Every structure is written in C-alpha cells, then in structure tokens.
Amino acid sequence: MVIVRHAVILAAGAATRFVPLSLEQPKGLFEVGGQRLVDRQIEQLLQAGITDITVVLGYKKEMFAYLSEKYGVRLIDNPAYNTENNIRSLLCARDYLEDAYICSCDDYFKVNPFRAEEEHSFYAGEHVDYASKEMFVLTDSQGRITRMEKGLQGGDILLGHSFWTAAFARKFVSIALSDTEGKYSQSYWEWLVRDYLPVLPPFYFKAYPAGTVYEFDYFEELREFDSDYMANSRSRILDNIKSVFGCGNADITDFRKISEGLTNTSFIFRVGGKDYIYRHPGEGTEKIIDRSHEKASLEKARDLGIDPTFIHIDSREGWKISSYVPSFREPEYSSEQDTRKVLEVLRRLHSSGETATWGLRPWEDSLEIEKMLEKKAPGCFAPYLELKERIGRMYAQTLGDGVGKCFCHGDTYRHNWMLLPDGGVILIDWEYAGFSDPGIDVGYYIVDAMYDKSRAKAVIREYLREDWTPALEKHYLIYTALIAWYWFVWALYRESCGAAMGESLGNWLEMAKYYSK
C-alpha cells in the first residue's frame, strides 16, 4: 500500500461551456446542495486524513483566496490558464504530484472516495451501457488500463479523481516537460497518458457504482441535479434576462457558448421558443468603452436598418441582448463580391447624416491607452516608440486635408458582418461606433484581411468610386496604418487585463508597420 501524501485540485479553467454561471464565478465555487464544490472536496480530503492540499488557480483566482485561511490549503497560480490546458496546471504543482490525488474542482462525490492509503496509480470511473463524451478505457484481467479511446458506444469511462504514485508522477512530469513544441499544450492531461501508456508505470481503472461520482459540464446538468437552481438562479445574468423578458428561471433554457470575442464573451439562450444572444462585457472594457454611447449607436444602427438584431443594453454595466440570426455567413476576404457588399453598407452608414458627440479617435485614443499601460508596466512601450513616432507623423498629414467626419462603426472586421441568404447584410457590435473619420472603417477591413497595398488601393477606390483622388487614397492608406496601430495598442491593454489576444496582436503590429512605410 502507498500512503497518500498530497492532493492537487485543478481549479484554473474558465469552464466556458458552463455559461452563464462561469461568467460570474469559477466553476469550483458553484454550489451543489448548499455547498461549494471545492469546499466539499477539501473537506472530504481532510476527513480522510489528507492535509497537504494544493489548489491550482487561474480564472478569477482572487475568489478562491478564502480557502487558504479557512482550510490551510496551498494556493498556486497558473499564469497560462487561458492559453494552455490543464497539463500546465499540473506542472505548476509538480512538487506535490507524488503519491497524490489529482482532482478537478468540478467533481462532486456523493460518498467520500478518498482514503489514507491506495494500492497503486488509478483513474476513477464507472461502467456505462451507452455512448458518452467521456474517455473510455479498456483493461486487462488485473484492471490495468491498456487503451484509452473516445467515441465508444458503451464500456468503462473515466470520471472523477485519480491517484498517482511517485513513480507515475515523475514519469508524467518528465514526458510533459519534454514536450517543448507544445503538442499537448491544448490537451487535457489524459491525452498525454493515453499516448504514453506503454512507457508509464502501471495505471489502473477503479470502478465506482453509478451515481457515486458526478461531473457537471453544462448548466443544464447542474439544474437537473440540483432543482434549487430553478427556483433561485444565483446568477445576476439570469436575473438580467428575466428583467428583459418578464419570465422565470425555468423559462430560460438551452444555453450555448459562442466562441469568445476579442472584447466580450457571449452565449445563446432560449426564451419562449426563440433564441437570443447575451453579451457579457470583458474585463477592463469599462475603461475604454462608454456603454451609454454604445446604446445610442445601437439605436441609430437599428433605425437605419443596418443592425435589426438589437433588443436591449444596460448602459451602466454593458450587458446586451440581441436576436439570434440562425443562418448567415461572414464575408470572405478573398471575394470581391463580398467586399462590395461590405463597402455598400459602409457608404450607406457614412452618408446617413447621423452625428454624435463621441467617436473613435485612433491616434488620440491610442495615446490614452498607452498611458494606462505605462501605469501598469512602466517602459513596456519602449520597443514601439519608433513606429509610434512614424505613425504620428503620418497622422499629422491628414489634419486639415478636407476629409470630414461621419457616423462610423469602428470595428469592421469580418466577424461583425452577417451576409444573409436573401442577400441582406447586417453589421453588429457597435461598441466603438461614433462620429469619426471614415478611414477607420475602410482601413480596419483592409487590416483584418491583411491585404497588400495593391489590394488595399482597389478597396479604397471601390469605396470612393467617383470621389476618388490621389489625395483621398493617401488619406485612407494612412488611416489603415493608424487603425492597425490603434488595435495593436488596444490589444496590449487587453492582454494586460488577462485576455488572450492570440495572433491578432501580432497581425495588427505587422500591418501597422507595413502601412506606415
């Protein structure tokens, strides 16, 4: 027998499938039967005599701070929680993986499964006679796992906690550290084990009776298990939806996550047989977006028929509800026909005669964002000063060149466009809209498409048509560089707030350099 010396609870992930609750708090803090999931696990471990407990944190980590004082557990931060999967969390806790239980904060054990001693390394689970999204395992006559597979129609599935002996932990860590190319950076740790079963120390399957171990992957599953969620939403987001539609908790169903946007997170829900989208504002956006301005812009766009999806926005907190459009496609940057459709809408918007007392000023606004960045990390802008000065000189050439402001959208990349089957076009997300230079709308479409200058000039000529002149073309090319610079600076700020900007940040920097030459 092996004495259990440690327990590691993985609680870093954002649980994006668990909307809307996961937008307000980490999954481990959800209550089931009146008790938080992570609290219940810790108390079960302590009851088994396991006192060396580590919780690996990431998403909204400050909300777990109470655990240290309440239970004396160790809290470890995983700074890569939003860019890598849970193998990174395990490596952050590598000093505590030997002879340890490995748990997930979203597990719910109806009966305490933990013991002071274990026989060998294992993964818990149960037998099912139906297809499951969980990982299936095949075992030999001794219960040792010989194969792990997805997509079977029945058999033994992995569910719940695991136990690692010192030998197993050391080998796992060695393999994970050798993955210098990041093959498993987006994978759950089970996938690495699956691929390396032949070289890992023996890993067994430990079966529990059905109904002993639960994992809640979706809000609907939690509602089904704990009916109190029907009477008490425990969610401000659901309360917001109820206030708009005048419905009850049980009337809001079928939650579906939409891929996280660059600024916000959204999900689909259903009320009264219709689908809607709820937009949850991103961290730090309140410092760069005036939601009262966004509300006025949305009303203008709706009245112009350019965005008929708008239903409601809270101008103080920034949450928004829109109609869901089930059938559309985004424009293809390689399609001249799609580009003409986009430019036709921009011409209609820019010539609408709508005005505003606010609007995106890419150069001035980037300077303000730079100040916020420098407060967070002094000197962080040093590598970009030469580029900044070059773009600033270009911007100065546009002052007084006769191009007037008009009502603009400000965020014209392809994901904000809906090309409908009937030929209609919808432009959504008006957070950056206002009275601005039309070059920001034309320029940003060029930037996100990463067009070369020849293609960009063709787009500008198609937009300007009979109004084209060499001077105007120069103006729009300068604004292409300027808006690329703005979004690059904006992305640096968003990353300083914890958002993962991915390749977009590098693309914007590349386009700012290219068009500033």
# chains A, B, ... in the order shown; residues from 1 in each chain; ligands from 1

call {"tool": "residues_around", "arguments": {"residues": "range 411-427 of chain A", "least_positions_apart": "6", "cutoff": "7 Å", "atoms": "only C-alpha atoms", "output": "list in words"}}
result
Ile306, Asp307, Ser327, Phe328, Arg329, Glu330, Pro331, Asp441, Tyr444, Tyr445 and Asp448 of chain A

call {"tool": "write_last_selection", "arguments": {"atoms": "C-alpha atoms", "output": "compact mmCIF listing (two decimals), in the first residue's frame"}}
result
# COMPACT_ATOMS: atom_id res chain seq x y z
CA ILE A 306 -28.14 48.15 -40.54
CA ASP A 307 -28.45 46.18 -37.27
CA SER A 327 -28.44 31.44 -40.92
CA PHE A 328 -25.71 33.70 -42.28
CA ARG A 329 -22.11 33.64 -43.36
CA GLU A 330 -19.23 36.00 -42.80
CA PRO A 331 -17.63 37.75 -45.78
CA ASP A 441 -13.97 51.62 -41.18
CA TYR A 444 -9.82 48.19 -40.47
CA TYR A 445 -11.45 45.89 -43.03
CA ASP A 448 -8.01 42.43 -40.71

call {"tool": "residues_around", "arguments": {"residues": "range 379-386 of chain A", "least_positions_apart": "3", "cutoff": "12 Å", "atoms": "only C-alpha atoms", "output": "list in words"}}
result
Ser366, Leu367, Ile369, Glu370, Lys371, Met372, Leu373, Glu374, Lys375, Lys376, Glu389, Arg390, Ile391, Gly392, Arg393, Trp485, Phe488, Val489, Leu492, Tyr493, Ser496, Leu509, Glu510, Ala512, Lys513, Ser516 and Lys517 of chain A

call {"tool": "closest_residue", "arguments": {"among": "A:Lys320, A:Ser162, A:Tyr514, A:Phe407", "to": "Arg348 in chain A", "atoms": "only C-alpha atoms"}}
result
A:Phe407

call {"tool": "closest_residue", "arguments": {"among": "A:Ser454, A:Thr54, A:Ser352, A:Asn232", "to": "Ser104 in chain A", "atoms": "only C-alpha atoms"}}
result
A:Thr54

call {"tool": "residues_around", "arguments": {"residues": "range 246-259 of chain A", "least_positions_apart": "2", "cutoff": "10 Å", "atoms": "only C-alpha atoms", "output": "ChimeraX atom specification"}}
result
/A:16-20,218-220,223,229-233,235,238-244,261-262,264-273,275-279

call {"tool": "closest_residue", "arguments": {"among": "A:Ile313, A:Ala207, A:Met1, A:Ala484", "to": "Ile446 in chain A", "atoms": "only C-alpha atoms"}}
result
A:Ala484

call {"tool": "residues_around", "arguments": {"residues": "Ala301 in chain A", "least_positions_apart": "6", "cutoff": "12 Å", "atoms": "only C-alpha atoms", "output": "short mmCIF file (atom, residue, chain, number, x, y, z; two decimals) with C-alpha atoms, in the first residue's frame"}}
result
data_model
loop_
_atom_site.label_atom_id
_atom_site.label_comp_id
_atom_site.auth_asym_id
_atom_site.auth_seq_id
_atom_site.Cartn_x
_atom_site.Cartn_y
_atom_site.Cartn_z
CA GLU A 294 -22.83 52.24 -27.46
CA LYS A 295 -26.54 52.24 -26.61
CA ASP A 307 -28.45 46.18 -37.27
CA PRO A 308 -32.02 45.00 -36.65
CA THR A 309 -30.85 42.45 -34.03
CA PHE A 310 -30.61 44.93 -31.13
CA ILE A 311 -33.07 44.38 -28.28
CA VAL A 345 -23.21 49.21 -46.25
CA LEU A 346 -20.35 51.45 -45.13
CA ARG A 348 -24.87 53.94 -46.58
CA LEU A 349 -23.79 54.35 -42.95
CA HIS A 350 -21.30 57.12 -43.66
CA SER A 352 -26.69 58.66 -43.34
CA GLU A 354 -26.24 60.70 -38.34
CA THR A 355 -23.99 62.60 -35.94
CA PHE A 407 -21.05 58.24 -38.33
CA CYS A 408 -18.79 55.16 -38.33
CA HIS A 409 -18.85 51.64 -36.92
CA ILE A 426 -26.20 43.03 -41.07
CA LEU A 427 -23.40 44.80 -39.20
CA ILE A 428 -23.31 44.04 -35.44
CA ASP A 429 -21.32 45.12 -32.35
CA TRP A 430 -21.31 48.91 -32.14
CA GLU A 431 -19.07 49.41 -29.11
CA ALA A 433 -19.09 53.47 -33.13
CA GLY A 434 -19.43 57.23 -33.25
#

call {"tool": "select_by_dssp", "arguments": {"residues": "range 119-313 of chain A", "states": "strand (DSSP E or B)", "output": "mmCIF file with N, CA and C atoms, in the first residue's frame"}}
result
data_model
loop_
_atom_site.group_PDB
_atom_site.id
_atom_site.type_symbol
_atom_site.label_atom_id
_atom_site.label_comp_id
_atom_site.auth_asym_id
_atom_site.auth_seq_id
_atom_site.Cartn_x
_atom_site.Cartn_y
_atom_site.Cartn_z
ATOM 1 N N PHE A 122 -4.241 5.010 -10.236
ATOM 2 C CA PHE A 122 -5.507 4.669 -10.883
ATOM 3 C C PHE A 122 -6.234 5.930 -11.338
ATOM 4 N N TYR A 123 -7.248 5.701 -12.156
ATOM 5 C CA TYR A 123 -8.211 6.732 -12.526
ATOM 6 C C TYR A 123 -9.592 6.174 -12.208
ATOM 7 N N ALA A 124 -10.405 6.962 -11.516
ATOM 8 C CA ALA A 124 -11.748 6.523 -11.141
ATOM 9 C C ALA A 124 -12.677 6.537 -12.348
ATOM 10 N N GLY A 125 -13.803 5.855 -12.211
ATOM 11 C CA GLY A 125 -14.785 5.850 -13.281
ATOM 12 C C GLY A 125 -15.932 4.918 -12.987
ATOM 13 N N GLU A 126 -16.729 4.663 -13.992
ATOM 14 C CA GLU A 126 -17.869 3.770 -13.840
ATOM 15 C C GLU A 126 -18.171 3.100 -15.164
ATOM 16 N N HIS A 127 -18.982 2.049 -15.119
ATOM 17 C CA HIS A 127 -19.368 1.344 -16.340
ATOM 18 C C HIS A 127 -20.694 1.912 -16.845
ATOM 19 N N VAL A 128 -20.763 2.154 -18.149
ATOM 20 C CA VAL A 128 -21.999 2.638 -18.757
ATOM 21 C C VAL A 128 -22.347 1.756 -19.950
ATOM 22 N N PHE A 136 -13.219 6.557 -22.712
ATOM 23 C CA PHE A 136 -13.397 5.148 -22.387
ATOM 24 C C PHE A 136 -12.031 4.491 -22.201
ATOM 25 N N VAL A 137 -12.001 3.423 -21.406
ATOM 26 C CA VAL A 137 -10.763 2.677 -21.220
ATOM 27 C C VAL A 137 -11.023 1.182 -21.402
ATOM 28 N N LEU A 138 -10.004 0.488 -21.889
ATOM 29 C CA LEU A 138 -10.006 -0.966 -21.944
ATOM 30 C C LEU A 138 -8.943 -1.452 -20.966
ATOM 31 N N THR A 139 -9.220 -2.546 -20.257
ATOM 32 C CA THR A 139 -8.314 -3.010 -19.217
ATOM 33 C C THR A 139 -8.002 -4.497 -19.392
ATOM 34 N N ARG A 144 -5.607 -3.206 -15.155
ATOM 35 C CA ARG A 144 -4.672 -2.207 -15.671
ATOM 36 C C ARG A 144 -5.189 -1.652 -16.997
ATOM 37 N N ILE A 145 -5.127 -0.347 -17.162
ATOM 38 C CA ILE A 145 -5.600 0.291 -18.389
ATOM 39 C C ILE A 145 -4.616 -0.010 -19.515
ATOM 40 N N THR A 146 -5.144 -0.590 -20.593
ATOM 41 C CA THR A 146 -4.306 -0.927 -21.746
ATOM 42 C C THR A 146 -4.565 -0.027 -22.945
ATOM 43 N N ARG A 147 -5.739 0.620 -22.962
ATOM 44 C CA ARG A 147 -6.064 1.509 -24.077
ATOM 45 C C ARG A 147 -7.081 2.535 -23.612
ATOM 46 N N MET A 148 -7.006 3.740 -24.182
ATOM 47 C CA MET A 148 -7.965 4.811 -23.876
ATOM 48 C C MET A 148 -8.502 5.323 -25.198
ATOM 49 N N GLU A 149 -9.833 5.425 -25.278
ATOM 50 C CA GLU A 149 -10.464 5.814 -26.534
ATOM 51 C C GLU A 149 -11.669 6.693 -26.291
ATOM 52 N N GLY A 155 -19.170 0.950 -22.125
ATOM 53 C CA GLY A 155 -17.973 0.409 -21.512
ATOM 54 C C GLY A 155 -17.580 1.180 -20.264
ATOM 55 N N ASP A 156 -16.300 1.140 -19.922
ATOM 56 C CA ASP A 156 -15.792 1.831 -18.734
ATOM 57 C C ASP A 156 -15.345 3.240 -19.112
ATOM 58 N N ILE A 157 -15.863 4.246 -18.403
ATOM 59 C CA ILE A 157 -15.480 5.632 -18.665
ATOM 60 C C ILE A 157 -14.720 6.200 -17.479
ATOM 61 N N LEU A 158 -13.818 7.142 -17.767
ATOM 62 C CA LEU A 158 -13.078 7.838 -16.717
ATOM 63 C C LEU A 158 -13.939 8.969 -16.183
ATOM 64 N N LEU A 159 -14.037 9.031 -14.849
ATOM 65 C CA LEU A 159 -14.914 10.018 -14.236
ATOM 66 C C LEU A 159 -14.455 10.265 -12.814
ATOM 67 N N GLY A 160 -14.073 11.514 -12.525
ATOM 68 C CA GLY A 160 -13.708 11.850 -11.159
ATOM 69 C C GLY A 160 -12.214 12.000 -10.946
ATOM 70 N N HIS A 161 -11.734 11.477 -9.826
ATOM 71 C CA HIS A 161 -10.363 11.713 -9.365
ATOM 72 C C HIS A 161 -9.413 10.639 -9.870
ATOM 73 N N SER A 162 -8.139 10.900 -9.632
ATOM 74 C CA SER A 162 -7.077 9.968 -9.988
ATOM 75 C C SER A 162 -6.076 9.937 -8.843
ATOM 76 N N PHE A 163 -5.290 8.855 -8.798
ATOM 77 C CA PHE A 163 -4.207 8.784 -7.811
ATOM 78 C C PHE A 163 -2.922 8.428 -8.537
ATOM 79 N N TRP A 164 -1.846 9.184 -8.227
ATOM 80 C CA TRP A 164 -0.550 8.966 -8.853
ATOM 81 C C TRP A 164 0.480 8.557 -7.799
ATOM 82 N N TYR A 204 -4.209 1.952 -13.406
ATOM 83 C CA TYR A 204 -5.369 1.071 -13.272
ATOM 84 C C TYR A 204 -6.680 1.844 -13.343
ATOM 85 N N PHE A 205 -7.739 1.093 -13.624
ATOM 86 C CA PHE A 205 -9.097 1.656 -13.617
ATOM 87 C C PHE A 205 -9.769 1.250 -12.312
ATOM 88 N N LYS A 206 -10.312 2.224 -11.588
ATOM 89 C CA LYS A 206 -11.002 1.947 -10.335
ATOM 90 C C LYS A 206 -12.477 2.273 -10.496
ATOM 91 N N ALA A 207 -13.294 1.245 -10.548
ATOM 92 C CA ALA A 207 -14.721 1.430 -10.831
ATOM 93 C C ALA A 207 -15.490 1.782 -9.559
ATOM 94 N N VAL A 213 -20.020 9.328 -8.484
ATOM 95 C CA VAL A 213 -19.191 10.446 -8.935
ATOM 96 C C VAL A 213 -19.937 11.218 -10.018
ATOM 97 N N TYR A 214 -19.922 12.547 -9.886
ATOM 98 C CA TYR A 214 -20.587 13.403 -10.870
ATOM 99 C C TYR A 214 -19.609 14.460 -11.379
ATOM 100 N N GLU A 215 -19.720 14.765 -12.657
ATOM 101 C CA GLU A 215 -19.033 15.913 -13.246
ATOM 102 C C GLU A 215 -20.083 16.755 -13.961
ATOM 103 N N THR A 253 -33.651 28.585 -21.161
ATOM 104 C CA THR A 253 -33.099 27.255 -21.374
ATOM 105 C C THR A 253 -32.094 27.239 -22.523
ATOM 106 N N ASP A 254 -31.528 26.061 -22.768
ATOM 107 C CA ASP A 254 -30.711 25.761 -23.949
ATOM 108 C C ASP A 254 -29.543 26.723 -24.101
ATOM 109 N N PHE A 255 -28.702 26.797 -23.077
ATOM 110 C CA PHE A 255 -27.546 27.698 -23.097
ATOM 111 C C PHE A 255 -26.451 27.117 -23.993
ATOM 112 N N ARG A 256 -25.899 27.953 -24.867
ATOM 113 C CA ARG A 256 -24.853 27.515 -25.776
ATOM 114 C C ARG A 256 -23.775 28.590 -25.864
ATOM 115 N N LYS A 257 -22.555 28.173 -25.657
ATOM 116 C CA LYS A 257 -21.424 29.095 -25.699
ATOM 117 C C LYS A 257 -21.097 29.486 -27.136
ATOM 118 N N ASN A 264 -15.501 40.790 -25.671
ATOM 119 C CA ASN A 264 -16.518 40.284 -24.756
ATOM 120 C C ASN A 264 -16.696 38.778 -24.917
ATOM 121 N N THR A 265 -17.578 38.229 -24.070
ATOM 122 C CA THR A 265 -17.978 36.829 -24.176
ATOM 123 C C THR A 265 -19.488 36.785 -24.345
ATOM 124 N N SER A 266 -19.964 35.918 -25.215
ATOM 125 C CA SER A 266 -21.399 35.840 -25.489
ATOM 126 C C SER A 266 -21.879 34.403 -25.450
ATOM 127 N N PHE A 267 -23.172 34.237 -25.227
ATOM 128 C CA PHE A 267 -23.773 32.909 -25.294
ATOM 129 C C PHE A 267 -25.204 33.022 -25.819
ATOM 130 N N ILE A 268 -25.686 31.898 -26.340
ATOM 131 C CA ILE A 268 -27.049 31.822 -26.853
ATOM 132 C C ILE A 268 -27.937 31.223 -25.770
ATOM 133 N N PHE A 269 -29.159 31.697 -25.676
ATOM 134 C CA PHE A 269 -30.141 31.111 -24.772
ATOM 135 C C PHE A 269 -31.501 31.145 -25.467
ATOM 136 N N ARG A 270 -32.454 30.448 -24.885
ATOM 137 C CA ARG A 270 -33.783 30.370 -25.495
ATOM 138 C C ARG A 270 -34.847 30.797 -24.494
ATOM 139 N N VAL A 271 -35.770 31.615 -24.961
ATOM 140 C CA VAL A 271 -36.949 32.013 -24.182
ATOM 141 C C VAL A 271 -38.146 31.989 -25.123
ATOM 142 N N LYS A 274 -37.734 31.018 -28.834
ATOM 143 C CA LYS A 274 -36.841 31.810 -29.694
ATOM 144 C C LYS A 274 -35.455 31.888 -29.076
ATOM 145 N N ASP A 275 -34.451 31.969 -29.942
ATOM 146 C CA ASP A 275 -33.061 32.080 -29.500
ATOM 147 C C ASP A 275 -32.615 33.531 -29.477
ATOM 148 N N TYR A 276 -31.816 33.848 -28.455
ATOM 149 C CA TYR A 276 -31.268 35.187 -28.292
ATOM 150 C C TYR A 276 -29.793 35.074 -27.912
ATOM 151 N N ILE A 277 -29.088 36.184 -28.008
ATOM 152 C CA ILE A 277 -27.677 36.234 -27.619
ATOM 153 C C ILE A 277 -27.509 37.216 -26.464
ATOM 154 N N TYR A 278 -26.800 36.753 -25.440
ATOM 155 C CA TYR A 278 -26.439 37.613 -24.316
ATOM 156 C C TYR A 278 -24.963 37.952 -24.431
ATOM 157 N N ARG A 279 -24.638 39.234 -24.424
ATOM 158 C CA ARG A 279 -23.260 39.707 -24.495
ATOM 159 C C ARG A 279 -22.794 40.131 -23.103
ATOM 160 N N HIS A 280 -21.748 39.470 -22.603
ATOM 161 C CA HIS A 280 -21.177 39.780 -21.301
ATOM 162 C C HIS A 280 -19.896 40.576 -21.508
ATOM 163 N N PRO A 281 -19.789 41.799 -20.957
ATOM 164 C CA PRO A 281 -18.620 42.652 -21.225
ATOM 165 C C PRO A 281 -17.328 42.078 -20.657
ATOM 166 N N PHE A 310 -30.705 44.322 -32.464
ATOM 167 C CA PHE A 310 -30.605 44.926 -31.133
ATOM 168 C C PHE A 310 -31.943 44.889 -30.403
ATOM 169 N N ILE A 311 -31.879 44.414 -29.137
ATOM 170 C CA ILE A 311 -33.070 44.377 -28.283
ATOM 171 C C ILE A 311 -32.900 45.250 -27.045
ATOM 172 N N HIS A 312 -31.797 45.044 -26.296
ATOM 173 C CA HIS A 312 -31.630 45.777 -25.038
ATOM 174 C C HIS A 312 -30.159 45.827 -24.657
ATOM 175 N N ILE A 313 -29.767 46.945 -24.065
ATOM 176 C CA ILE A 313 -28.431 47.055 -23.478
ATOM 177 C C ILE A 313 -28.523 47.818 -22.166
#

call {"tool": "closest_residue", "arguments": {"among": "A:Pro378, A:Gly13, A:Pro113, A:Pro79", "to": "Arg40 in chain A", "atoms": "only C-alpha atoms"}}
result
A:Pro113

call {"tool": "residues_around", "arguments": {"residues": "Ala12 in chain A", "least_positions_apart": "6", "cutoff": "9 Å", "atoms": "only C-alpha atoms", "output": "compact mmCIF listing (two decimals) with N, CA and C atoms, in the first residue's frame"}}
result
# COMPACT_ATOMS: atom_id res chain seq x y z
N PRO A 26 -15.81 31.19 -10.83
CA PRO A 26 -15.19 29.94 -11.28
C PRO A 26 -16.09 28.74 -10.95
N VAL A 55 -4.37 23.79 -4.36
CA VAL A 55 -5.39 24.18 -5.34
C VAL A 55 -4.71 25.07 -6.38
N VAL A 56 -4.76 24.65 -7.65
CA VAL A 56 -4.14 25.42 -8.73
C VAL A 56 -5.18 26.34 -9.34
N LEU A 57 -4.87 27.64 -9.34
CA LEU A 57 -5.85 28.67 -9.72
C LEU A 57 -5.44 29.41 -10.98
N GLY A 58 -6.40 30.08 -11.58
CA GLY A 58 -6.17 30.91 -12.76
C GLY A 58 -7.31 31.88 -12.94
N TYR A 59 -8.39 31.44 -13.55
CA TYR A 59 -9.56 32.27 -13.82
C TYR A 59 -10.20 32.76 -12.53
N LYS A 60 -10.32 34.08 -12.40
CA LYS A 60 -10.91 34.72 -11.21
C LYS A 60 -10.31 34.14 -9.92
N LYS A 61 -8.99 34.04 -9.91
CA LYS A 61 -8.31 33.37 -8.80
C LYS A 61 -8.55 34.04 -7.45
N ASP A 77 -0.73 29.72 -8.48
CA ASP A 77 -1.27 30.41 -9.65
C ASP A 77 -0.72 29.79 -10.93
N ASN A 78 -1.59 29.55 -11.88
CA ASN A 78 -1.18 29.14 -13.23
C ASN A 78 -1.38 30.33 -14.16
N TYR A 81 -3.33 29.89 -17.65
CA TYR A 81 -4.60 29.16 -17.61
C TYR A 81 -5.48 29.42 -18.83
N ASN A 82 -5.36 30.63 -19.43
CA ASN A 82 -6.24 30.97 -20.54
C ASN A 82 -5.62 30.71 -21.90
N ASN A 86 -4.86 21.83 -18.95
CA ASN A 86 -4.51 21.57 -17.54
C ASN A 86 -3.19 20.86 -17.30
N SER A 89 -1.25 23.34 -15.50
CA SER A 89 -1.59 23.41 -14.08
C SER A 89 -0.87 22.35 -13.28
N CYS A 105 -11.88 20.52 -9.78
CA CYS A 105 -12.75 21.25 -8.86
C CYS A 105 -14.23 21.06 -9.19

call {"tool": "select_by_dssp", "arguments": {"residues": "range 145-389 of chain A", "states": "helix (DSSP H, G or I)", "output": "ChimeraX atom specification"}}
result
/A:166-178,189-195,219-225,228-231,236-245,249-251,285-287,291-303,336-350,362-376,382-389

call {"tool": "write_last_selection", "arguments": {"atoms": "C-alpha atoms", "output": "short mmCIF file (atom, residue, chain, number, x, y, z; two decimals), in the first residue's frame"}}
result
data_model
loop_
_atom_site.label_atom_id
_atom_site.label_comp_id
_atom_site.auth_asym_id
_atom_site.auth_seq_id
_atom_site.Cartn_x
_atom_site.Cartn_y
_atom_site.Cartn_z
CA ALA A 166 5.65 8.80 -7.01
CA ALA A 167 6.95 6.74 -9.95
CA PHE A 168 3.96 7.58 -12.11
CA ALA A 169 4.16 11.30 -11.27
CA ARG A 170 7.89 11.52 -12.03
CA LYS A 171 7.45 9.85 -15.41
CA PHE A 172 4.46 12.01 -16.31
CA VAL A 173 6.31 15.22 -15.42
CA SER A 174 9.35 14.12 -17.41
CA ILE A 175 7.24 13.46 -20.52
CA ALA A 176 5.29 16.71 -20.14
CA LEU A 177 8.47 18.77 -19.76
CA SER A 178 9.93 17.15 -22.87
CA TRP A 189 -3.60 15.52 -19.23
CA GLU A 190 -5.50 12.31 -20.01
CA TRP A 191 -4.47 12.60 -23.67
CA LEU A 192 -0.79 12.55 -22.78
CA VAL A 193 -1.37 9.49 -20.60
CA ARG A 194 -3.27 7.79 -23.42
CA ASP A 195 -0.39 8.27 -25.85
CA PHE A 219 -25.51 24.43 -16.57
CA GLU A 220 -28.48 22.29 -17.62
CA GLU A 221 -26.81 19.25 -15.98
CA LEU A 222 -26.43 21.17 -12.72
CA ARG A 223 -30.05 22.30 -12.87
CA GLU A 224 -31.18 18.71 -13.33
CA PHE A 225 -29.11 17.53 -10.36
CA ASP A 228 -32.98 24.64 -6.38
CA TYR A 229 -31.37 26.33 -9.41
CA MET A 230 -34.83 26.51 -10.97
CA ALA A 231 -36.21 28.50 -8.05
CA ARG A 236 -27.16 38.18 -11.98
CA ILE A 237 -27.02 37.33 -15.66
CA LEU A 238 -30.16 35.21 -15.45
CA ASP A 239 -31.80 37.96 -13.40
CA ASN A 240 -30.93 40.41 -16.19
CA ILE A 241 -32.55 38.16 -18.79
CA LYS A 242 -35.66 37.79 -16.62
CA SER A 243 -35.93 41.56 -16.29
CA VAL A 244 -35.98 41.99 -20.07
CA PHE A 245 -38.38 39.17 -20.92
CA ASN A 249 -35.72 30.90 -14.27
CA ALA A 250 -37.22 27.76 -15.75
CA ASP A 251 -38.23 29.66 -18.90
CA THR A 285 -13.56 47.25 -21.15
CA GLU A 286 -15.32 49.76 -18.93
CA LYS A 287 -12.17 51.91 -19.08
CA ARG A 291 -21.76 51.98 -22.82
CA SER A 292 -24.17 54.92 -22.99
CA HIS A 293 -22.55 55.84 -26.30
CA GLU A 294 -22.83 52.24 -27.46
CA LYS A 295 -26.54 52.24 -26.61
CA ALA A 296 -27.15 55.38 -28.66
CA SER A 297 -25.13 53.91 -31.54
CA LEU A 298 -27.14 50.69 -31.46
CA GLU A 299 -30.37 52.66 -31.61
CA LYS A 300 -29.08 54.58 -34.64
CA ALA A 301 -27.99 51.37 -36.35
CA ARG A 302 -31.36 49.77 -35.71
CA ASP A 303 -33.23 52.78 -37.06
CA GLU A 336 -14.51 40.91 -54.36
CA GLN A 337 -18.29 40.44 -54.39
CA ASP A 338 -18.38 40.16 -50.58
CA THR A 339 -16.16 43.21 -50.26
CA ARG A 340 -18.51 45.22 -52.47
CA LYS A 341 -21.43 44.27 -50.21
CA VAL A 342 -19.50 45.40 -47.14
CA LEU A 343 -18.47 48.70 -48.74
CA GLU A 344 -22.04 49.39 -49.86
CA VAL A 345 -23.21 49.21 -46.25
CA LEU A 346 -20.35 51.45 -45.13
CA ARG A 347 -21.24 54.03 -47.76
CA ARG A 348 -24.87 53.94 -46.58
CA LEU A 349 -23.79 54.35 -42.95
CA HIS A 350 -21.30 57.12 -43.66
CA PRO A 362 -7.45 56.21 -33.18
CA TRP A 363 -4.38 58.35 -32.60
CA GLU A 364 -5.55 60.27 -29.53
CA ASP A 365 -7.25 57.20 -28.04
CA SER A 366 -4.12 55.10 -28.50
CA LEU A 367 -2.16 57.71 -26.54
CA GLU A 368 -4.64 57.42 -23.66
CA ILE A 369 -4.44 53.63 -23.68
CA GLU A 370 -0.64 53.89 -23.72
CA LYS A 371 -0.80 55.93 -20.51
CA MET A 372 -2.86 53.19 -18.82
CA LEU A 373 -0.35 50.58 -19.96
CA GLU A 374 2.62 52.56 -18.69
CA LYS A 375 0.98 52.81 -15.27
CA LYS A 376 0.71 49.02 -15.17
CA ALA A 382 9.88 51.25 -25.41
CA PRO A 383 10.12 48.69 -28.28
CA TYR A 384 7.44 50.51 -30.27
CA LEU A 385 8.46 54.17 -29.94
CA GLU A 386 9.98 54.47 -33.42
CA LEU A 387 6.86 53.00 -35.04
CA LYS A 388 4.66 55.22 -32.92
CA GLU A 389 6.55 58.35 -33.99
#

call {"tool": "closest_residue", "arguments": {"among": "A:Leu152, A:Leu91, A:Ile440, A:Ala15", "to": "Leu477 in chain A", "atoms": "only C-alpha atoms"}}
result
A:Ile440

call {"tool": "closest_residue", "arguments": {"among": "A:Glu62, A:Asp39, A:Asp95, A:Glu332", "to": "Arg5 in chain A", "atoms": "only C-alpha atoms"}}
result
A:Asp95

call {"tool": "atom_distance", "arguments": {"atom1": "CA of Gln47 in chain A", "atom2": "CA of Ala14 in chain A"}}
result
28.3 Å
